[in-house]
file model.txt (compact mmCIF, C-alpha atoms)
# COMPACT_ATOMS: atom_id res chain seq x y z
CA MET A 1 27.30 -12.28 -3.09
CA THR A 2 26.09 -15.59 -4.50
CA ALA A 3 22.68 -15.57 -6.14
CA LEU A 4 20.01 -17.62 -4.41
CA ASN A 5 17.68 -20.06 -6.07
CA THR A 6 14.45 -18.36 -5.06
CA SER A 7 11.95 -20.61 -6.79
CA GLY A 8 11.57 -23.09 -3.93
CA TRP A 9 11.92 -21.19 -0.68
CA VAL A 10 9.88 -18.16 -1.77
CA GLU A 11 6.80 -20.25 -2.54
CA GLU A 12 7.27 -22.19 0.68
CA ALA A 13 7.58 -18.96 2.66
CA TRP A 14 4.53 -17.54 0.94
CA GLN A 15 2.38 -20.55 1.78
CA GLN A 16 3.57 -20.46 5.40
CA THR A 17 2.68 -16.76 5.54
CA VAL A 18 -0.79 -17.24 4.09
CA ALA A 19 -1.54 -20.08 6.50
CA LYS A 20 -0.33 -18.19 9.55
CA VAL A 21 -2.10 -14.91 8.71
CA ASN A 22 -5.27 -16.83 7.98
CA ARG A 23 -5.05 -18.15 11.53
CA THR A 24 -3.96 -14.96 13.34
CA SER A 25 -6.46 -12.78 11.48
CA ARG A 26 -9.29 -14.64 13.22
CA ARG A 27 -8.20 -13.00 16.48
CA ILE A 28 -6.78 -9.68 15.22
CA GLY A 29 -9.64 -8.99 12.83
CA ALA A 30 -10.03 -5.34 11.84
CA GLY A 31 -7.72 -4.20 14.62
CA PHE A 32 -4.45 -2.33 14.32
CA PRO A 33 -1.53 -4.44 15.58
CA HIS A 34 1.79 -2.79 16.32
CA ALA A 35 4.16 -4.98 18.34
CA SER A 36 3.84 -8.51 19.66
CA VAL A 37 3.83 -8.74 23.45
CA ASP A 38 4.33 -12.25 24.84
CA GLY A 39 3.25 -13.70 21.53
CA THR A 40 0.10 -11.60 21.03
CA TYR A 41 -0.06 -8.53 18.85
CA LYS A 42 -0.98 -5.49 20.95
CA LEU A 43 -3.66 -3.48 19.18
CA GLU A 44 -3.31 0.29 18.93
CA PRO A 45 -5.90 2.99 18.18
CA ALA A 46 -6.73 3.66 14.54
CA TYR A 47 -4.78 6.94 14.63
CA TRP A 48 -1.47 5.22 15.46
CA TRP A 49 1.17 5.52 12.75
CA THR A 50 1.29 1.79 12.01
CA ALA A 51 -2.44 1.50 11.28
CA GLY A 52 -1.86 0.84 7.58
CA PHE A 53 0.54 -2.07 7.80
CA TRP A 54 -1.91 -4.81 8.82
CA PRO A 55 -4.48 -4.01 6.12
CA GLY A 56 -1.61 -3.49 3.68
CA LEU A 57 -0.33 -6.97 4.46
CA LEU A 58 -3.82 -8.36 3.94
CA TRP A 59 -4.09 -6.62 0.56
CA LEU A 60 -0.79 -8.20 -0.49
CA LEU A 61 -2.17 -11.63 0.37
CA TYR A 62 -5.54 -10.92 -1.23
CA ARG A 63 -3.90 -9.88 -4.50
CA ASP A 64 -2.36 -13.32 -4.78
CA THR A 65 -4.97 -15.55 -3.15
CA LYS A 66 -8.23 -13.66 -3.85
CA ASP A 67 -9.30 -14.76 -0.37
CA GLU A 68 -12.38 -12.68 0.52
CA HIS A 69 -11.61 -13.03 4.22
CA PHE A 70 -8.47 -10.94 3.83
CA LYS A 71 -10.28 -8.38 1.67
CA ALA A 72 -13.13 -7.94 4.14
CA ILE A 73 -10.81 -7.22 7.07
CA ALA A 74 -8.71 -4.76 5.04
CA GLU A 75 -11.84 -2.89 4.00
CA GLN A 76 -13.06 -2.70 7.59
CA CYS A 77 -9.70 -1.28 8.69
CA GLU A 78 -9.83 1.35 5.98
CA SER A 79 -13.33 2.47 6.91
CA GLN A 80 -12.24 2.99 10.53
CA LEU A 81 -9.69 5.55 9.37
CA ASP A 82 -12.51 7.87 8.29
CA GLN A 83 -12.99 8.78 11.95
CA VAL A 84 -9.29 9.59 12.27
CA ILE A 85 -9.68 12.20 9.52
CA ALA A 86 -12.82 13.54 11.16
CA ASP A 87 -11.08 13.86 14.51
CA TYR A 88 -8.10 15.54 12.77
CA TYR A 89 -5.99 16.37 15.82
CA LYS A 90 -4.15 13.03 15.79
CA LEU A 91 -3.04 13.33 12.17
CA ASP A 92 0.67 13.78 11.49
CA HIS A 93 3.06 13.09 8.61
CA ASP A 94 2.34 9.35 8.78
CA ILE A 95 -0.84 10.05 6.86
CA GLY A 96 1.22 8.60 4.01
CA PHE A 97 1.91 5.28 5.70
CA MET A 98 -1.73 4.97 6.75
CA TRP A 99 -3.64 5.74 3.57
CA THR A 100 -1.12 4.41 1.04
CA LEU A 101 -1.44 0.88 2.42
CA THR A 102 -5.21 1.08 2.80
CA SER A 103 -6.94 3.37 0.33
CA VAL A 104 -4.29 3.56 -2.39
CA ALA A 105 -3.83 -0.20 -2.17
CA GLN A 106 -7.53 -0.86 -2.58
CA TYR A 107 -7.82 1.65 -5.41
CA LYS A 108 -4.94 0.05 -7.30
CA LEU A 109 -6.37 -3.44 -6.82
CA LEU A 110 -10.11 -2.83 -7.16
CA GLN A 111 -10.53 0.72 -8.53
CA SER A 112 -12.71 1.67 -5.56
CA GLU A 113 -13.89 5.25 -6.01
CA ASP A 114 -14.41 5.64 -2.25
CA SER A 115 -10.81 4.61 -1.67
CA LYS A 116 -9.57 7.07 -4.29
CA ARG A 117 -11.49 9.89 -2.60
CA ARG A 118 -10.14 8.95 0.82
CA ALA A 119 -6.56 8.83 -0.43
CA LEU A 120 -6.83 12.18 -2.19
CA LEU A 121 -8.25 13.78 0.94
CA ALA A 122 -5.34 12.30 2.91
CA ALA A 123 -2.86 13.63 0.35
CA ASN A 124 -4.27 17.13 0.73
CA LEU A 125 -4.01 16.89 4.50
CA LEU A 126 -0.39 15.76 4.18
CA CYS A 127 0.33 18.78 1.98
CA GLY A 128 -0.95 20.96 4.78
CA ARG A 129 2.02 19.93 6.93
CA PHE A 130 4.55 21.42 4.51
CA ASN A 131 6.76 24.21 5.86
CA VAL A 132 7.44 26.54 2.91
CA LYS A 133 10.40 28.25 4.58
CA GLY A 134 12.32 25.07 5.29
CA ASN A 135 10.90 22.96 2.44
CA PHE A 136 10.04 20.01 4.66
CA ILE A 137 6.97 18.15 5.85
CA ARG A 138 6.59 18.57 9.59
CA ALA A 139 6.81 15.21 11.35
CA TRP A 140 4.83 15.15 14.56
CA ASN A 141 2.41 17.16 16.63
CA PRO A 142 3.42 18.01 20.23
CA TRP A 143 3.62 14.84 22.32
CA ARG A 144 2.86 16.73 25.53
CA GLU A 145 1.60 20.14 26.56
CA GLY A 146 4.11 22.93 26.02
CA GLU A 147 6.32 20.96 23.63
CA ASN A 148 7.35 22.60 20.37
CA ASN A 149 8.38 20.28 17.56
CA ALA A 150 7.04 22.42 14.72
CA GLY A 151 10.46 22.43 13.05
CA TRP A 152 11.13 18.69 13.24
CA ALA A 153 11.43 16.49 10.16
CA ILE A 154 12.40 12.82 10.19
CA ILE A 155 13.87 10.38 7.69
CA ASP A 156 10.83 8.09 7.96
CA CYS A 157 8.80 10.64 5.99
CA MET A 158 10.48 9.54 2.76
CA MET A 159 8.00 6.65 2.84
CA ASN A 160 5.06 9.07 3.12
CA LEU A 161 5.92 10.82 -0.15
CA PRO A 162 4.49 8.11 -2.46
CA LEU A 163 0.98 9.19 -1.43
CA LEU A 164 1.74 12.58 -2.99
CA TYR A 165 3.31 11.12 -6.13
CA TRP A 166 0.22 8.94 -6.55
CA ALA A 167 -2.07 11.95 -6.12
CA THR A 168 -0.35 13.72 -9.00
CA GLU A 169 -0.53 10.60 -11.14
CA VAL A 170 -4.29 10.17 -10.71
CA THR A 171 -5.29 13.85 -10.83
CA GLY A 172 -2.77 15.30 -13.26
CA ASP A 173 -2.14 18.11 -10.76
CA PRO A 174 1.65 18.53 -10.34
CA ARG A 175 1.48 20.31 -6.98
CA TYR A 176 1.59 17.11 -4.94
CA LYS A 177 4.69 15.89 -6.78
CA HIS A 178 6.37 19.29 -6.51
CA LEU A 179 5.89 19.31 -2.75
CA ALA A 180 7.16 15.74 -2.37
CA MET A 181 10.29 16.57 -4.35
CA GLU A 182 10.98 19.66 -2.25
CA HIS A 183 10.92 17.48 0.87
CA ALA A 184 13.11 14.83 -0.79
CA ASP A 185 15.63 17.49 -1.79
CA THR A 186 15.74 18.73 1.81
CA VAL A 187 16.51 15.18 2.88
CA LEU A 188 19.32 15.01 0.30
CA LYS A 189 20.81 18.20 1.68
CA HIS A 190 20.40 17.69 5.41
CA PHE A 191 19.84 14.02 6.28
CA ILE A 192 22.12 11.78 4.22
CA ARG A 193 25.77 11.79 5.22
CA PRO A 194 28.59 11.29 2.70
CA ASP A 195 29.03 7.65 3.76
CA GLY A 196 25.34 6.86 3.18
CA SER A 197 24.29 6.76 6.82
CA VAL A 198 21.47 9.08 7.86
CA TYR A 199 20.15 11.26 10.62
CA HIS A 200 16.82 10.28 12.12
CA ILE A 201 15.64 13.77 13.12
CA VAL A 202 16.71 17.17 11.86
CA ARG A 203 15.36 20.24 13.64
CA PHE A 204 14.80 23.39 11.64
CA ASP A 205 13.78 26.83 12.81
CA GLU A 206 10.08 26.65 12.02
CA THR A 207 9.93 30.37 11.21
CA THR A 208 13.05 30.90 9.11
CA GLY A 209 13.54 27.34 7.83
CA GLU A 210 17.22 27.31 8.86
CA ARG A 211 18.71 24.00 10.00
CA VAL A 212 19.35 24.04 13.74
CA GLU A 213 20.60 20.58 14.74
CA ALA A 214 20.33 16.83 14.31
CA LEU A 215 18.81 14.67 17.03
CA GLY A 216 19.39 11.00 17.83
CA GLY A 217 15.74 9.99 17.82
CA GLN A 218 15.39 6.23 17.74
CA GLY A 219 19.06 5.75 16.97
CA TYR A 220 21.76 5.48 19.62
CA ALA A 221 23.02 9.06 19.14
CA PRO A 222 22.77 11.93 16.65
CA GLU A 223 25.84 10.75 14.74
CA SER A 224 25.17 7.01 14.97
CA GLY A 225 23.82 4.76 12.23
CA TRP A 226 20.23 3.81 13.02
CA SER A 227 19.57 0.89 10.70
CA ARG A 228 15.85 1.41 10.15
CA GLY A 229 16.51 5.03 9.29
CA THR A 230 18.95 3.86 6.63
CA ALA A 231 16.29 1.46 5.35
CA TRP A 232 13.74 4.30 5.12
CA ALA A 233 16.29 6.24 3.07
CA ILE A 234 17.04 3.31 0.74
CA TYR A 235 13.45 2.54 -0.08
CA GLY A 236 12.15 6.10 0.12
CA MET A 237 14.78 7.52 -2.22
CA ALA A 238 14.36 4.61 -4.62
CA LEU A 239 10.62 5.31 -4.71
CA SER A 240 11.22 9.01 -5.33
CA TYR A 241 13.38 8.07 -8.28
CA HIS A 242 10.76 5.60 -9.49
CA HIS A 243 8.09 8.31 -9.52
CA THR A 244 10.17 11.24 -10.79
CA ARG A 245 13.08 9.75 -12.79
CA GLU A 246 15.34 12.33 -11.14
CA VAL A 247 18.69 10.55 -10.96
CA ARG A 248 19.81 12.35 -7.80
CA TYR A 249 17.31 10.26 -5.86
CA LEU A 250 18.63 7.02 -7.32
CA HIS A 251 22.18 8.03 -6.41
CA ALA A 252 21.06 8.69 -2.83
CA ALA A 253 19.26 5.34 -2.63
CA LYS A 254 22.39 3.57 -3.83
CA GLN A 255 24.57 5.53 -1.43
CA ALA A 256 22.45 4.49 1.54
CA ALA A 257 22.23 0.92 0.19
CA HIS A 258 26.00 0.57 -0.01
CA PHE A 259 26.38 1.72 3.59
CA PHE A 260 23.64 -0.63 4.77
CA ILE A 261 25.00 -3.69 2.96
CA SER A 262 28.55 -3.00 4.16
CA GLN A 263 27.42 -3.04 7.79
CA LEU A 264 25.43 -6.27 7.76
CA PRO A 265 26.51 -9.21 9.93
CA GLU A 266 26.97 -12.70 8.52
CA ASP A 267 23.28 -13.58 8.52
CA HIS A 268 22.39 -10.40 6.54
CA VAL A 269 19.96 -9.05 9.16
CA PRO A 270 21.04 -5.72 10.70
CA HIS A 271 21.58 -4.70 14.27
CA TRP A 272 19.30 -1.88 15.41
CA ASP A 273 22.11 0.66 15.06
CA PHE A 274 25.31 0.19 13.09
CA ARG A 275 27.35 2.46 15.39
CA ILE A 276 26.94 1.48 19.01
CA PRO A 277 29.65 1.10 21.66
CA PRO A 278 30.55 -2.40 22.88
CA GLU A 279 28.59 -2.08 26.12
CA VAL A 280 25.26 -1.53 24.31
CA THR A 281 23.20 -4.63 23.57
CA PRO A 282 23.40 -5.31 19.81
CA TYR A 283 19.77 -6.24 19.30
CA ARG A 284 18.78 -7.06 15.73
CA ASP A 285 16.11 -5.12 13.91
CA SER A 286 14.44 -7.49 11.50
CA SER A 287 12.06 -4.70 10.42
CA ALA A 288 15.00 -2.65 9.13
CA GLY A 289 16.17 -5.66 7.16
CA ALA A 290 12.78 -6.30 5.60
CA CYS A 291 12.27 -2.66 4.60
CA ALA A 292 15.77 -2.37 3.17
CA ALA A 293 15.26 -5.57 1.19
CA CYS A 294 12.23 -4.06 -0.54
CA GLY A 295 14.26 -0.98 -1.38
CA LEU A 296 17.13 -3.05 -2.74
CA LEU A 297 14.76 -4.99 -4.98
CA LEU A 298 13.38 -1.71 -6.33
CA ILE A 299 16.87 -0.37 -7.03
CA ALA A 300 17.59 -3.60 -8.92
CA ASP A 301 14.53 -2.94 -11.07
CA GLU A 302 15.69 0.60 -11.86
CA VAL A 303 19.36 0.11 -12.77
CA ASP A 304 20.95 -1.61 -15.74
CA ALA A 305 21.64 -5.32 -15.84
CA LEU A 306 25.31 -4.93 -14.90
CA GLU A 307 24.33 -3.39 -11.56
CA ALA A 308 21.03 -5.09 -10.86
CA ASP A 309 22.27 -8.46 -9.64
CA GLY A 310 24.19 -7.00 -6.72
CA TYR A 311 21.19 -5.19 -5.31
CA ARG A 312 18.76 -8.02 -6.05
CA ASN A 313 21.01 -10.65 -4.48
CA ALA A 314 21.45 -8.52 -1.35
CA GLY A 315 17.70 -8.05 -1.01
CA GLU A 316 16.99 -11.74 -1.54
CA ALA A 317 19.68 -12.73 0.96
CA ILE A 318 18.05 -10.58 3.66
CA LEU A 319 14.59 -12.00 2.97
CA HIS A 320 15.88 -15.57 2.87
CA SER A 321 17.60 -15.11 6.23
CA LEU A 322 14.47 -13.58 7.73
CA TYR A 323 12.49 -16.60 6.59
CA THR A 324 14.93 -19.28 7.68
CA ASN A 325 16.45 -17.71 10.81
CA TYR A 326 13.81 -15.28 12.12
CA GLY A 327 10.47 -16.78 11.11
CA ALA A 328 7.92 -17.93 13.68
CA TRP A 329 6.10 -20.29 11.36
CA ASP A 330 5.77 -23.27 13.70
CA ASN A 331 5.14 -21.29 16.86
CA GLU A 332 1.39 -21.16 17.40
CA GLN A 333 1.98 -19.10 20.55
CA GLU A 334 3.42 -16.23 18.48
CA GLU A 335 1.25 -14.07 16.22
CA GLY A 336 4.15 -12.23 14.58
CA LEU A 337 5.68 -13.58 11.39
CA ILE A 338 9.23 -12.33 11.88
CA LEU A 339 11.04 -12.27 15.23
CA HIS A 340 13.66 -9.89 16.64
CA GLY A 341 12.49 -6.42 15.71
CA THR A 342 13.60 -3.38 17.69
CA SER A 343 11.13 -0.52 17.78
CA HIS A 344 12.64 2.16 20.05
CA TYR A 345 15.83 1.30 21.92
CA PRO A 346 16.41 4.71 23.57
CA GLU A 347 12.98 4.52 25.21
CA GLN A 348 13.27 0.74 25.72
CA LYS A 349 9.98 0.15 23.92
CA ASN A 350 9.16 -3.07 22.07
CA MET A 351 12.60 -4.59 22.19
CA ASP A 352 13.42 -7.86 20.43
CA VAL A 353 9.83 -8.56 19.33
CA PRO A 354 7.90 -8.97 16.09
CA LEU A 355 6.73 -5.65 14.63
CA ILE A 356 3.85 -5.29 12.20
CA TYR A 357 5.86 -3.17 9.79
CA GLY A 358 8.58 -5.81 9.76
CA ASP A 359 5.95 -8.41 8.91
CA TYR A 360 4.49 -6.15 6.22
CA TYR A 361 7.79 -5.48 4.44
CA PHE A 362 8.73 -9.14 4.63
CA VAL A 363 5.48 -10.07 2.88
CA GLU A 364 5.94 -7.28 0.34
CA GLY A 365 9.42 -8.55 -0.41
CA LEU A 366 8.12 -12.09 -0.92
CA SER A 367 5.39 -10.73 -3.16
CA ARG A 368 8.02 -9.03 -5.31
CA LEU A 369 10.05 -12.23 -5.57
CA LYS A 370 6.88 -14.05 -6.61
CA GLY A 371 6.57 -11.70 -9.57
CA HIS A 372 4.00 -9.13 -8.47
CA THR A 373 5.28 -5.94 -10.06
CA GLU A 374 2.90 -3.19 -8.91
CA ARG A 375 3.68 -1.59 -5.58
CA PHE A 376 1.16 0.11 -3.35
CA TRP A 377 3.74 2.86 -2.78
call {"tool": "encode", "arguments": {"input": "model.txt", "output": "structure tokens"}}
result
Amino acid sequence: MTALNTSGWVEEAWQQTVAKVNRTSRRIGAGFPHASVDGTYKLEPAYWWTAGFWPGLLWLLYRDTKDEHFKAIAEQCESQLDQVIADYYKLDHDIGFMWTLTSVAQYKLLQSEDSKRRALLAANLLCGRFNVKGNFIRAWNPWREGENNAGWAIIDCMMNLPLLYWATEVTGDPRYKHLAMEHADTVLKHFIRPDGSVYHIVRFDETTGERVEALGGQGYAPESGWSRGTAWAIYGMALSYHHTREVRYLHAAKQAAHFFISQLPEDHVPHWDFRIPPEVTPYRDSSAGACAACGLLLIADEVDALEADGYRNAGEAILHSLYTNYGAWDNEQEEGLILHGTSHYPEQKNMDVPLIYGDYYFVEGLSRLKGHTERFW
């Protein structure tokens, strides 16, 4: 893969991003956008799993611009999450997504003691979801009365583990890290296939911890290749290596990365699932591309120079394509930054639309290419 000259387009993309978010933030404010519907980001309740991505995006922009407008909105979003903790019943494993991109982000940038306290409380609540028999963090609470998903774990949770690694780093207490590594090792054993593709959901017996079955989840089928799940594995395993230096996690990140890269179409942005039959619409998932790009850039930082260029060039190629082929920079009728995300094909929810997590990872990737080295994760 030919290396890109990033100096010009990255700065151009960054300025376009800052200008557009400055405009859209006047309407969105301290809300919690999830998916764009007819050009307008639909706002979800503060307990929804994507609540951290908008303030996280604003913190990325604030770090570079020092624009107090972005900071004020991000702080307001974070304070609203206090009620989510107080209400408790809506909390699930995505505690990590939510408080890493709000409280941990603010603590890393501004050393806010309130943010540190919030994030540590969230980390302790996340630990409470750990199943000691199966060595996994339980994913969700029952979606409806009578449902039992106590034994379900999902690949997405790899991105929740950095909250626990951070908690060990700031407290010196190794228990958080130990628990995160137990979950990561369960993912190594039960989620990642030999070819680097992954399962979305694995169901364990919640009492014995024994593996029962794999479920299709948001992929096409249990044995298909859901692209965003692969992206979660790439970035999540790379982050576990970054925080632990355990080489098995780096090997897993590379394994998933090789599968992901090998399946990309010509424009480097993945379809929503890499293994779908011909009659199924091959929607793109720009959010999977953006997340994977961030993971590829991290792998490049962690391997030696002989390997690094391949991963870095792949990550940059994805981000460049998202900017040039998927960006909505000149469309004032569209609040999303990046078009053509696919949220949940099996349930036909939020198809072929901008997604806030796709926007977030795109901006994080740009931030990395601009030279910002500290991650919120």
call {"tool": "closest_residue", "arguments": {"input": "model.txt", "among": "A:Gly289, A:Gly134, A:Gly29, A:Gly295", "to": "Glu206 in chain A", "atoms": "only C-alpha atoms"}}
result
A:Gly134
call {"tool": "residues_around", "arguments": {"input": "model.txt", "residues": "Glu332 in chain A", "least_positions_apart": "4", "cutoff": "12 Å", "atoms": "only C-alpha atoms", "output": "PDB file with C-alpha atoms, keeping the file's coordinate frame"}}
result
ATOM      1  CA  ALA A  19      -1.540 -20.080   6.500  1.00  0.00           C
ATOM      2  CA  LYS A  20      -0.330 -18.190   9.550  1.00  0.00           C
ATOM      3  CA  VAL A  21      -2.100 -14.910   8.710  1.00  0.00           C
ATOM      4  CA  ARG A  23      -5.050 -18.150  11.530  1.00  0.00           C
ATOM      5  CA  THR A  24      -3.960 -14.960  13.340  1.00  0.00           C
ATOM      6  CA  ASP A  38       4.330 -12.250  24.840  1.00  0.00           C
ATOM      7  CA  GLY A  39       3.250 -13.700  21.530  1.00  0.00           C
ATOM      8  CA  THR A  40       0.100 -11.600  21.030  1.00  0.00           C
ATOM      9  CA  GLY A 327      10.470 -16.780  11.110  1.00  0.00           C
ATOM     10  CA  ALA A 328       7.920 -17.930  13.680  1.00  0.00           C
ATOM     11  CA  GLY A 336       4.150 -12.230  14.580  1.00  0.00           C
ATOM     12  CA  LEU A 337       5.680 -13.580  11.390  1.00  0.00           C
TER      13      LEU A 337
END
call {"tool": "atom_distance", "arguments": {"input": "model.txt", "atom1": "CA of Val132 in chain A", "atom2": "CA of Leu164 in chain A"}}
result
16.2 Å
call {"tool": "closest_residue", "arguments": {"input": "model.txt", "among": "A:Leu110, A:Val18, A:Ala184, A:Cys157", "to": "Asn135 in chain A", "atoms": "only C-alpha atoms"}}
result
A:Ala184
call {"tool": "closest_residue", "arguments": {"input": "model.txt", "among": "A:Gly56, A:Pro354, A:Gly229, A:Gly310", "to": "Lys42 in chain A", "atoms": "all atoms listed in the file"}}
result
A:Pro354
call {"tool": "residues_around", "arguments": {"input": "model.txt", "residues": "Ser112 in chain A", "least_positions_apart": "5", "cutoff": "12 Å", "atoms": "only C-alpha atoms", "output": "PyMOL selection string"}}
result
chain A and resi 75+78+102-107+117-119
call {"tool": "atom_distance", "arguments": {"input": "model.txt", "atom1": "CA of Thr208 in chain A", "atom2": "CA of Gly128 in chain A"}}
result
17.7 Å
call {"tool": "residues_around", "arguments": {"input": "model.txt", "residues": "Thr281 in chain A", "least_positions_apart": "6", "cutoff": "12 Å", "atoms": "only C-alpha atoms", "output": "ChimeraX atom specification"}}
result
/A:220,271-275,342,345-346,348,351-352
call {"tool": "residues_around", "arguments": {"input": "model.txt", "residues": "Leu339 in chain A", "least_positions_apart": "4", "cutoff": "12 Å", "atoms": "all atoms listed in the file", "output": "ChimeraX atom specification"}}
result
/A:35-39,269,283-287,289-290,321-329,331,334-335,350-359,362
call {"tool": "atom_distance", "arguments": {"input": "model.txt", "atom1": "CA of Ile155 in chain A", "atom2": "CA of His200 in chain A"}}
result
5.3 Å
call {"tool": "residues_around", "arguments": {"input": "model.txt", "residues": "Gln83 in chain A", "least_positions_apart": "4", "cutoff": "12 Å", "atoms": "all atoms listed in the file", "output": "list in words"}}
result
Pro45, Ala46, Tyr47, Cys77, Glu78, Ser79, Asp87, Tyr88, Tyr89, Lys90, Leu91 and Arg118 of chain A
call {"tool": "closest_residue", "arguments": {"input": "model.txt", "among": "A:Arg27, A:His93, A:Lys108, A:Arg203", "to": "Trp59 in chain A", "atoms": "all atoms listed in the file"}}
result
A:Lys108
call {"tool": "closest_residue", "arguments": {"input": "model.txt", "among": "A:Gln333, A:Pro222, A:Leu264, A:Lys254", "to": "Ile299 in chain A", "atoms": "all atoms listed in the file"}}
result
A:Lys254
call {"tool": "decode", "arguments": {"input": "model.txt", "residues": "range 112-133 of chain A", "atoms": "N, CA and C atoms", "output": "mmCIF file, in the first residue's frame"}}
result
data_model
loop_
_atom_site.group_PDB
_atom_site.id
_atom_site.type_symbol
_atom_site.label_atom_id
_atom_site.label_comp_id
_atom_site.auth_asym_id
_atom_site.auth_seq_id
_atom_site.Cartn_x
_atom_site.Cartn_y
_atom_site.Cartn_z
ATOM 1 N N SER A 112 -9.169 17.339 36.390
ATOM 2 C CA SER A 112 -10.342 17.604 37.210
ATOM 3 C C SER A 112 -10.526 16.498 38.251
ATOM 4 N N GLU A 113 -10.527 16.863 39.511
ATOM 5 C CA GLU A 113 -10.699 15.873 40.573
ATOM 6 C C GLU A 113 -12.109 15.288 40.567
ATOM 7 N N ASP A 114 -13.106 16.098 40.222
ATOM 8 C CA ASP A 114 -14.469 15.580 40.117
ATOM 9 C C ASP A 114 -14.565 14.517 39.022
ATOM 10 N N SER A 115 -13.891 14.770 37.908
ATOM 11 C CA SER A 115 -13.913 13.797 36.818
ATOM 12 C C SER A 115 -13.204 12.508 37.219
ATOM 13 N N LYS A 116 -12.103 12.621 37.925
ATOM 14 C CA LYS A 116 -11.393 11.425 38.407
ATOM 15 C C LYS A 116 -12.302 10.595 39.314
ATOM 16 N N ARG A 117 -12.978 11.253 40.227
ATOM 17 C CA ARG A 117 -13.888 10.553 41.141
ATOM 18 C C ARG A 117 -15.014 9.864 40.372
ATOM 19 N N ARG A 118 -15.595 10.562 39.420
ATOM 20 C CA ARG A 118 -16.666 9.965 38.620
ATOM 21 C C ARG A 118 -16.169 8.722 37.877
ATOM 22 N N ALA A 119 -15.004 8.831 37.265
ATOM 23 C CA ALA A 119 -14.486 7.722 36.471
ATOM 24 C C ALA A 119 -14.136 6.527 37.348
ATOM 25 N N LEU A 120 -13.611 6.769 38.536
ATOM 26 C CA LEU A 120 -13.304 5.658 39.436
ATOM 27 C C LEU A 120 -14.573 4.986 39.933
ATOM 28 N N LEU A 121 -15.606 5.768 40.209
ATOM 29 C CA LEU A 121 -16.887 5.174 40.587
ATOM 30 C C LEU A 121 -17.421 4.319 39.443
ATOM 31 N N ALA A 122 -17.329 4.822 38.224
ATOM 32 C CA ALA A 122 -17.785 4.058 37.056
ATOM 33 C C ALA A 122 -16.978 2.771 36.907
ATOM 34 N N ALA A 123 -15.673 2.841 37.129
ATOM 35 C CA ALA A 123 -14.832 1.645 37.018
ATOM 36 C C ALA A 123 -15.253 0.588 38.027
ATOM 37 N N ASN A 124 -15.575 1.006 39.230
ATOM 38 C CA ASN A 124 -16.031 0.049 40.239
ATOM 39 C C ASN A 124 -17.368 -0.574 39.866
ATOM 40 N N LEU A 125 -18.246 0.218 39.282
ATOM 41 C CA LEU A 125 -19.526 -0.328 38.832
ATOM 42 C C LEU A 125 -19.325 -1.313 37.679
ATOM 43 N N LEU A 126 -18.385 -1.034 36.802
ATOM 44 C CA LEU A 126 -18.091 -1.961 35.710
ATOM 45 C C LEU A 126 -17.546 -3.277 36.262
ATOM 46 N N CYS A 127 -16.696 -3.193 37.273
ATOM 47 C CA CYS A 127 -16.180 -4.417 37.899
ATOM 48 C C CYS A 127 -17.304 -5.284 38.450
ATOM 49 N N GLY A 128 -18.369 -4.648 38.893
ATOM 50 C CA GLY A 128 -19.490 -5.386 39.455
ATOM 51 C C GLY A 128 -20.219 -6.253 38.451
ATOM 52 N N ARG A 129 -19.944 -6.092 37.167
ATOM 53 C CA ARG A 129 -20.599 -6.894 36.134
ATOM 54 C C ARG A 129 -19.771 -8.126 35.767
ATOM 55 N N PHE A 130 -18.686 -8.353 36.471
ATOM 56 C CA PHE A 130 -17.792 -9.463 36.123
ATOM 57 C C PHE A 130 -18.337 -10.785 36.659
ATOM 58 N N ASN A 131 -18.401 -11.776 35.775
ATOM 59 C CA ASN A 131 -18.832 -13.123 36.145
ATOM 60 C C ASN A 131 -17.577 -13.954 36.449
ATOM 61 N N VAL A 132 -17.384 -14.327 37.709
ATOM 62 C CA VAL A 132 -16.138 -14.981 38.110
ATOM 63 C C VAL A 132 -16.049 -16.432 37.643
ATOM 64 N N LYS A 133 -17.172 -17.038 37.318
ATOM 65 C CA LYS A 133 -17.140 -18.412 36.807
ATOM 66 C C LYS A 133 -16.717 -18.454 35.341
#
